[in-house]
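A quick write-up on the structure given underneath.
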Amino acid sequence: MQAWSNQGNLASKIGFGNALLKVGLHNPKLIGLGSDITKSVGMDQFAEAFPARFFSLGIAEQNAIGVSAGMALSGLIPVFATYGVFASMRTLDQIRISLCYNKLHAIIGGAHAGISVGPDGATHQALEDIASLRALPNLTILSPCDSNQTELLTSLAIENEHGPVYIRFGREPMPNFTAMDDHLEIGKAQIIRQGSDIAIFATGHLVWQSIQAATILEKDFGIKARIINIHTIKPIDKQSIIESAIQCGCILTAEEHQITSGLGSAIAEVVVKEHPVPMDFVGMPNVFGESGTAAELMQKYGMNSDTIVNKALLLIQRKS
Amino acid sequence: MNQSLKQIAKEIRLLTLQSLCAAGSGHTGASLGLADIFTFLYFRQMKHRPQEPDWPVRDRLILSIGHVAPVLYATLAKAGYFSLEELSTLRKLGTRLQGHPGREHGLPGIELSAGSLGQGLSVAVGMAMAAKHQKLAYQIYAITGDGELQEGSIWEAAMSAAHYQLDNLTVVVDRNGLQIDGTTESVMKLEPLSQKWESFGWNVIQCDGHDFSEIENSFKIASAEKTKPSVIIARTIMGKGVSEIENQHQWHGKAPETTELERFINQL
Ligand SMILES: [Mg+2]
């Protein structure tokens, strides 16, 4: 099994921006739509390289989703990005009807996802975006684990998908550890580490935290944890969940998002139906965040390797 | 097309009433009120091909108030997009004629699944931006209600259309002065409406939405405008054509009973 090492900290939004620039070079249908925070969400390189294909729409996110729908109906591929809180919730009804009901191929970038956005505080920490969007038919939801994977998945979403796609990514520089030549498929989970004592399903920044936790679990406790990166929250890879439930006997989920109706809930929906095993959840405990550094907040609200280790040890004791 | 616009509009009203009656529910008032506008758009104004609904350079109509679907369906059927008989399936299980337009059900001539108020204008703006970007000359038309203008997203869209000088976009506002709870001015005041659009940078035209020469003239003025999007504020009468239901907001969301149908049709 591959050893995962940090190639240097990098914000996931860099990968998002790189993908737009690269795809933009050969795909003239790609259009960027900005909402006043173009640089902040990583779209500035695209906007500068292709000024005729970038449209500023001001601080008016609902309109931006409708404009995306109109462009998609006209044969273009629009990418609209803003902070995840606004990209998903300010615009929810527009996403539901104008994009999802119409099954239009448009990309929504949810930047500054998770609590790791830090000092800006609760208003700007997207912790309910997956929960808000997960019930919408026809929508694909992506949650890459680092910058490289954000780049790969953004490209795949633009080039291979046919419907609306929401992709969430972070602002804080975080370990960039996956390879650009990883074979990724939207809708197919990525096994990061083999093991059969416990399965840890993680998404976003918590994949790296899970890798750290697995090292501790093995070294200090002799526990072999399987780690599965769920970069596609919807549609969820049911087969990987069923296999892990059968082979590992317990499942821990880890996400930088509310536990309520996030990744953990999506997995629990499969587990309770197909092969019930003990489960626990690492994530935000249905409270609002606050100001602080990314590391401080992830520690305080229990979304780091320490929490993963502790919950894993307790969970394994519940195995029958 | 040898029939006069008036005759066509009358037939579209008849078909609208019949399909609503067969459905047993639906929005009669605004559907009848817009019959003349729809007639003019589909039988004079728009470049479109009923036998080739996806003709790439057709003019597009975005219906933002999806609840007037019955008049859209009656117009499309009359224009030849599908058979008149299919109109009787309105709102029934398995139909292509959904209560609010739904593209995935496959009815030819439907540009957008819509009906959640305040969204269609943004989609029309996106289409108009795309047409300009691709240097395509087709026109985008959008129809909104007047109560719908209370949605904030309409004004986000209005701002962006003027910003991008979308002279290929013409919006018709169905100014019937009514919404479900009563008059627009009592529910949430819209006036001075022309000045609102003007201050947002639009070319504003007003007309009697039942007078074909005024409607024609309005679209001519809109076509001549080369720097701004145009809005036609069309004064209409909810329920127009059936005198006993005209201007009665109770008829916003009600369909004629079988016992009323013949009487209503005779009033046309
Ligand atoms: Mg009205």
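Here's how to read the names in the structure tokens: chain A, B, ... by the order shown, residue numbers from 1 in each chain, ligand numbers from 1 in the order shown.
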
Do me a favour and pick out the residues of chain B within 10 Å of chain A, using only C-alpha atoms, as a PyMOL selection string.
chain B and resi 56+62+102-104+111-131+133-134+152-161+163-164

May I have the selected residues written with N, CA, C and O atoms, as a compact mmCIF listing (two decimals), in the first residue's frame?
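Wrote part_17.txt, looks like this:
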# COMPACT_ATOMS: atom_id res chain seq x y z
N PRO B 56 -31.48 25.29 -33.32
CA PRO B 56 -30.51 25.98 -32.46
C PRO B 56 -30.66 27.51 -32.40
O PRO B 56 -30.38 28.09 -31.37
N ILE B 62 -38.78 32.23 -22.04
CA ILE B 62 -38.64 31.72 -20.67
C ILE B 62 -39.85 32.18 -19.87
O ILE B 62 -40.10 33.37 -19.71
N GLY B 102 -42.21 21.17 -16.81
CA GLY B 102 -41.09 20.31 -16.42
C GLY B 102 -40.48 19.70 -17.66
O GLY B 102 -41.11 18.86 -18.31
N ARG B 103 -39.27 20.11 -17.98
CA ARG B 103 -38.64 19.67 -19.24
C ARG B 103 -38.46 18.16 -19.30
O ARG B 103 -38.55 17.57 -20.36
N GLU B 104 -38.17 17.57 -18.13
CA GLU B 104 -37.83 16.14 -18.18
C GLU B 104 -39.01 15.27 -18.59
O GLU B 104 -38.84 14.10 -18.87
N GLU B 111 -38.82 25.42 -22.76
CA GLU B 111 -37.42 25.83 -22.64
C GLU B 111 -36.88 25.64 -21.23
O GLU B 111 -35.68 25.45 -21.04
N LEU B 112 -37.75 25.72 -20.22
CA LEU B 112 -37.26 25.70 -18.85
C LEU B 112 -38.30 25.11 -17.91
O LEU B 112 -39.49 25.44 -18.00
N SER B 113 -37.85 24.25 -17.01
CA SER B 113 -38.70 23.82 -15.90
C SER B 113 -38.69 24.96 -14.90
O SER B 113 -37.63 25.34 -14.41
N ALA B 114 -39.84 25.50 -14.62
CA ALA B 114 -39.85 26.68 -13.75
C ALA B 114 -41.17 26.78 -13.04
O ALA B 114 -42.14 26.10 -13.37
N GLY B 115 -41.24 27.65 -12.09
CA GLY B 115 -42.48 27.84 -11.36
C GLY B 115 -42.24 28.32 -9.95
O GLY B 115 -43.15 28.77 -9.28
N SER B 116 -40.99 28.23 -9.49
CA SER B 116 -40.64 28.83 -8.22
C SER B 116 -40.36 30.30 -8.54
O SER B 116 -39.42 30.62 -9.27
N LEU B 117 -41.20 31.19 -8.05
CA LEU B 117 -41.18 32.58 -8.52
C LEU B 117 -39.83 33.26 -8.30
O LEU B 117 -39.16 33.03 -7.31
N GLY B 118 -39.49 34.10 -9.26
CA GLY B 118 -38.29 34.91 -9.13
C GLY B 118 -37.06 34.33 -9.80
O GLY B 118 -36.01 34.96 -9.80
N GLN B 119 -37.18 33.13 -10.38
CA GLN B 119 -35.99 32.49 -10.95
C GLN B 119 -35.82 32.67 -12.45
O GLN B 119 -34.71 32.69 -12.97
N GLY B 120 -36.93 32.77 -13.17
CA GLY B 120 -36.85 32.71 -14.62
C GLY B 120 -36.07 33.86 -15.25
O GLY B 120 -35.37 33.66 -16.25
N LEU B 121 -36.18 35.03 -14.66
CA LEU B 121 -35.49 36.16 -15.27
C LEU B 121 -33.97 35.96 -15.26
O LEU B 121 -33.29 36.29 -16.23
N SER B 122 -33.45 35.38 -14.19
CA SER B 122 -32.01 35.11 -14.14
C SER B 122 -31.61 34.13 -15.24
O SER B 122 -30.55 34.27 -15.85
N VAL B 123 -32.44 33.13 -15.46
CA VAL B 123 -32.13 32.14 -16.51
C VAL B 123 -32.15 32.83 -17.88
O VAL B 123 -31.26 32.60 -18.72
N ALA B 124 -33.12 33.72 -18.08
CA ALA B 124 -33.20 34.45 -19.35
C ALA B 124 -31.95 35.34 -19.52
O ALA B 124 -31.41 35.44 -20.63
N VAL B 125 -31.50 35.93 -18.44
CA VAL B 125 -30.28 36.75 -18.49
C VAL B 125 -29.09 35.88 -18.90
O VAL B 125 -28.30 36.26 -19.77
N GLY B 126 -28.99 34.69 -18.30
CA GLY B 126 -27.90 33.78 -18.66
C GLY B 126 -27.95 33.38 -20.12
O GLY B 126 -26.93 33.31 -20.80
N MET B 127 -29.16 33.16 -20.63
CA MET B 127 -29.31 32.82 -22.06
C MET B 127 -28.92 33.99 -22.95
O MET B 127 -28.26 33.80 -23.98
N ALA B 128 -29.31 35.18 -22.55
CA ALA B 128 -28.99 36.36 -23.36
C ALA B 128 -27.48 36.64 -23.34
O ALA B 128 -26.89 36.98 -24.36
N MET B 129 -26.86 36.43 -22.18
CA MET B 129 -25.40 36.59 -22.10
C MET B 129 -24.72 35.55 -22.98
O MET B 129 -23.76 35.86 -23.69
N ALA B 130 -25.22 34.31 -22.93
CA ALA B 130 -24.63 33.23 -23.73
C ALA B 130 -24.77 33.52 -25.22
O ALA B 130 -23.84 33.30 -26.00
N ALA B 131 -25.93 34.03 -25.63
CA ALA B 131 -26.15 34.33 -27.05
C ALA B 131 -25.17 35.40 -27.51
O ALA B 131 -24.56 35.29 -28.58
N HIS B 133 -22.29 36.13 -26.11
CA HIS B 133 -20.94 35.57 -26.05
C HIS B 133 -20.64 34.73 -27.29
O HIS B 133 -19.54 34.75 -27.82
N GLN B 134 -21.67 33.99 -27.74
CA GLN B 134 -21.48 33.11 -28.90
C GLN B 134 -21.81 33.80 -30.21
O GLN B 134 -21.84 33.17 -31.26
N GLY B 152 -36.80 39.43 -4.48
CA GLY B 152 -35.55 40.18 -4.62
C GLY B 152 -34.68 39.70 -5.77
O GLY B 152 -33.97 40.49 -6.40
N SER B 153 -34.73 38.40 -6.06
CA SER B 153 -33.86 37.86 -7.12
C SER B 153 -34.19 38.46 -8.48
O SER B 153 -33.32 38.54 -9.36
N ILE B 154 -35.44 38.92 -8.67
CA ILE B 154 -35.80 39.59 -9.92
C ILE B 154 -34.92 40.82 -10.13
O ILE B 154 -34.44 41.09 -11.23
N TRP B 155 -34.66 41.53 -9.04
CA TRP B 155 -33.91 42.78 -9.17
C TRP B 155 -32.42 42.53 -9.28
O TRP B 155 -31.69 43.32 -9.88
N GLU B 156 -31.95 41.41 -8.74
CA GLU B 156 -30.57 40.99 -9.00
C GLU B 156 -30.42 40.75 -10.51
O GLU B 156 -29.44 41.17 -11.13
N ALA B 157 -31.40 40.06 -11.07
CA ALA B 157 -31.35 39.74 -12.51
C ALA B 157 -31.47 41.02 -13.33
O ALA B 157 -30.75 41.20 -14.33
N ALA B 158 -32.35 41.92 -12.91
CA ALA B 158 -32.56 43.17 -13.65
C ALA B 158 -31.25 43.97 -13.70
O ALA B 158 -30.87 44.51 -14.74
N MET B 159 -30.57 44.02 -12.56
CA MET B 159 -29.30 44.75 -12.48
C MET B 159 -28.28 44.17 -13.44
O MET B 159 -27.59 44.89 -14.16
N SER B 160 -28.19 42.83 -13.48
CA SER B 160 -27.16 42.19 -14.32
C SER B 160 -27.50 42.35 -15.81
O SER B 160 -26.59 42.49 -16.63
N ALA B 161 -28.78 42.34 -16.15
CA ALA B 161 -29.16 42.49 -17.57
C ALA B 161 -28.76 43.86 -18.10
O ALA B 161 -28.28 43.99 -19.23
N HIS B 163 -26.36 45.75 -16.75
CA HIS B 163 -24.89 45.80 -16.67
C HIS B 163 -24.27 45.25 -17.96
O HIS B 163 -23.29 45.78 -18.46
N TYR B 164 -24.84 44.15 -18.45
CA TYR B 164 -24.31 43.53 -19.67
C TYR B 164 -25.03 43.98 -20.94
O TYR B 164 -24.89 43.36 -21.99

Would you mind listing, for every residue of chain B within 10 Å of ligand 1, the two atoms forming the shortest contact and the distance between them in Å to one decimal, using only C-alpha atoms and all ligand atoms, sorted by chain and ascending residue number, as a Markdown table?
| residue | atom | partner | partner_atom_place_in_ligand_line | distance |
| --- | --- | --- | --- | --- |
| B:Gly29 | CA | ligand 1 | 1 (Mg) | 9.1 |
| B:Ala30 | CA | ligand 1 | 1 (Mg) | 7.0 |
| B:Gly33 | CA | ligand 1 | 1 (Mg) | 9.5 |
| B:Ile65 | CA | ligand 1 | 1 (Mg) | 9.7 |
| B:Thr144 | CA | ligand 1 | 1 (Mg) | 8.9 |
| B:Gly145 | CA | ligand 1 | 1 (Mg) | 5.2 |
| B:Asp146 | CA | ligand 1 | 1 (Mg) | 4.7 |
| B:Gly147 | CA | ligand 1 | 1 (Mg) | 5.0 |
| B:Glu148 | CA | ligand 1 | 1 (Mg) | 7.5 |
| B:Leu149 | CA | ligand 1 | 1 (Mg) | 9.4 |
| B:Val173 | CA | ligand 1 | 1 (Mg) | 9.0 |
| B:Asp174 | CA | ligand 1 | 1 (Mg) | 6.4 |
| B:Arg175 | CA | ligand 1 | 1 (Mg) | 6.1 |
| B:Asn176 | CA | ligand 1 | 1 (Mg) | 4.9 |
| B:Gly177 | CA | ligand 1 | 1 (Mg) | 5.3 |
| B:Leu178 | CA | ligand 1 | 1 (Mg) | 4.2 |
| B:Gln179 | CA | ligand 1 | 1 (Mg) | 4.6 |
| B:Ile180 | CA | ligand 1 | 1 (Mg) | 8.0 |
| B:Gly182 | CA | ligand 1 | 1 (Mg) | 9.3 |
| B:Thr183 | CA | ligand 1 | 1 (Mg) | 8.1 |
| B:Thr184 | CA | ligand 1 | 1 (Mg) | 7.0 |
| B:Thr236 | CA | ligand 1 | 1 (Mg) | 9.0 |
| B:Ile237 | CA | ligand 1 | 1 (Mg) | 9.3 |
| B:Met238 | CA | ligand 1 | 1 (Mg) | 7.6 |
| B:His249 | CA | ligand 1 | 1 (Mg) | 8.6 |
| B:His252 | CA | ligand 1 | 1 (Mg) | 8.4 |

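Counting only C-alpha atoms, the residue from B:Gly209, B:Pro53, B:Pro101, B:Gly94 that sits nearest to Ala79 (chain B) is B:Pro53.
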
Contacts of Met89 (chain A) at 9 Å or less, counting only C-alpha atoms, minus same-chain residues fewer than 2 places along, as a ChimeraX atom specification?
/A:84-87,91-93,128-129,132-133
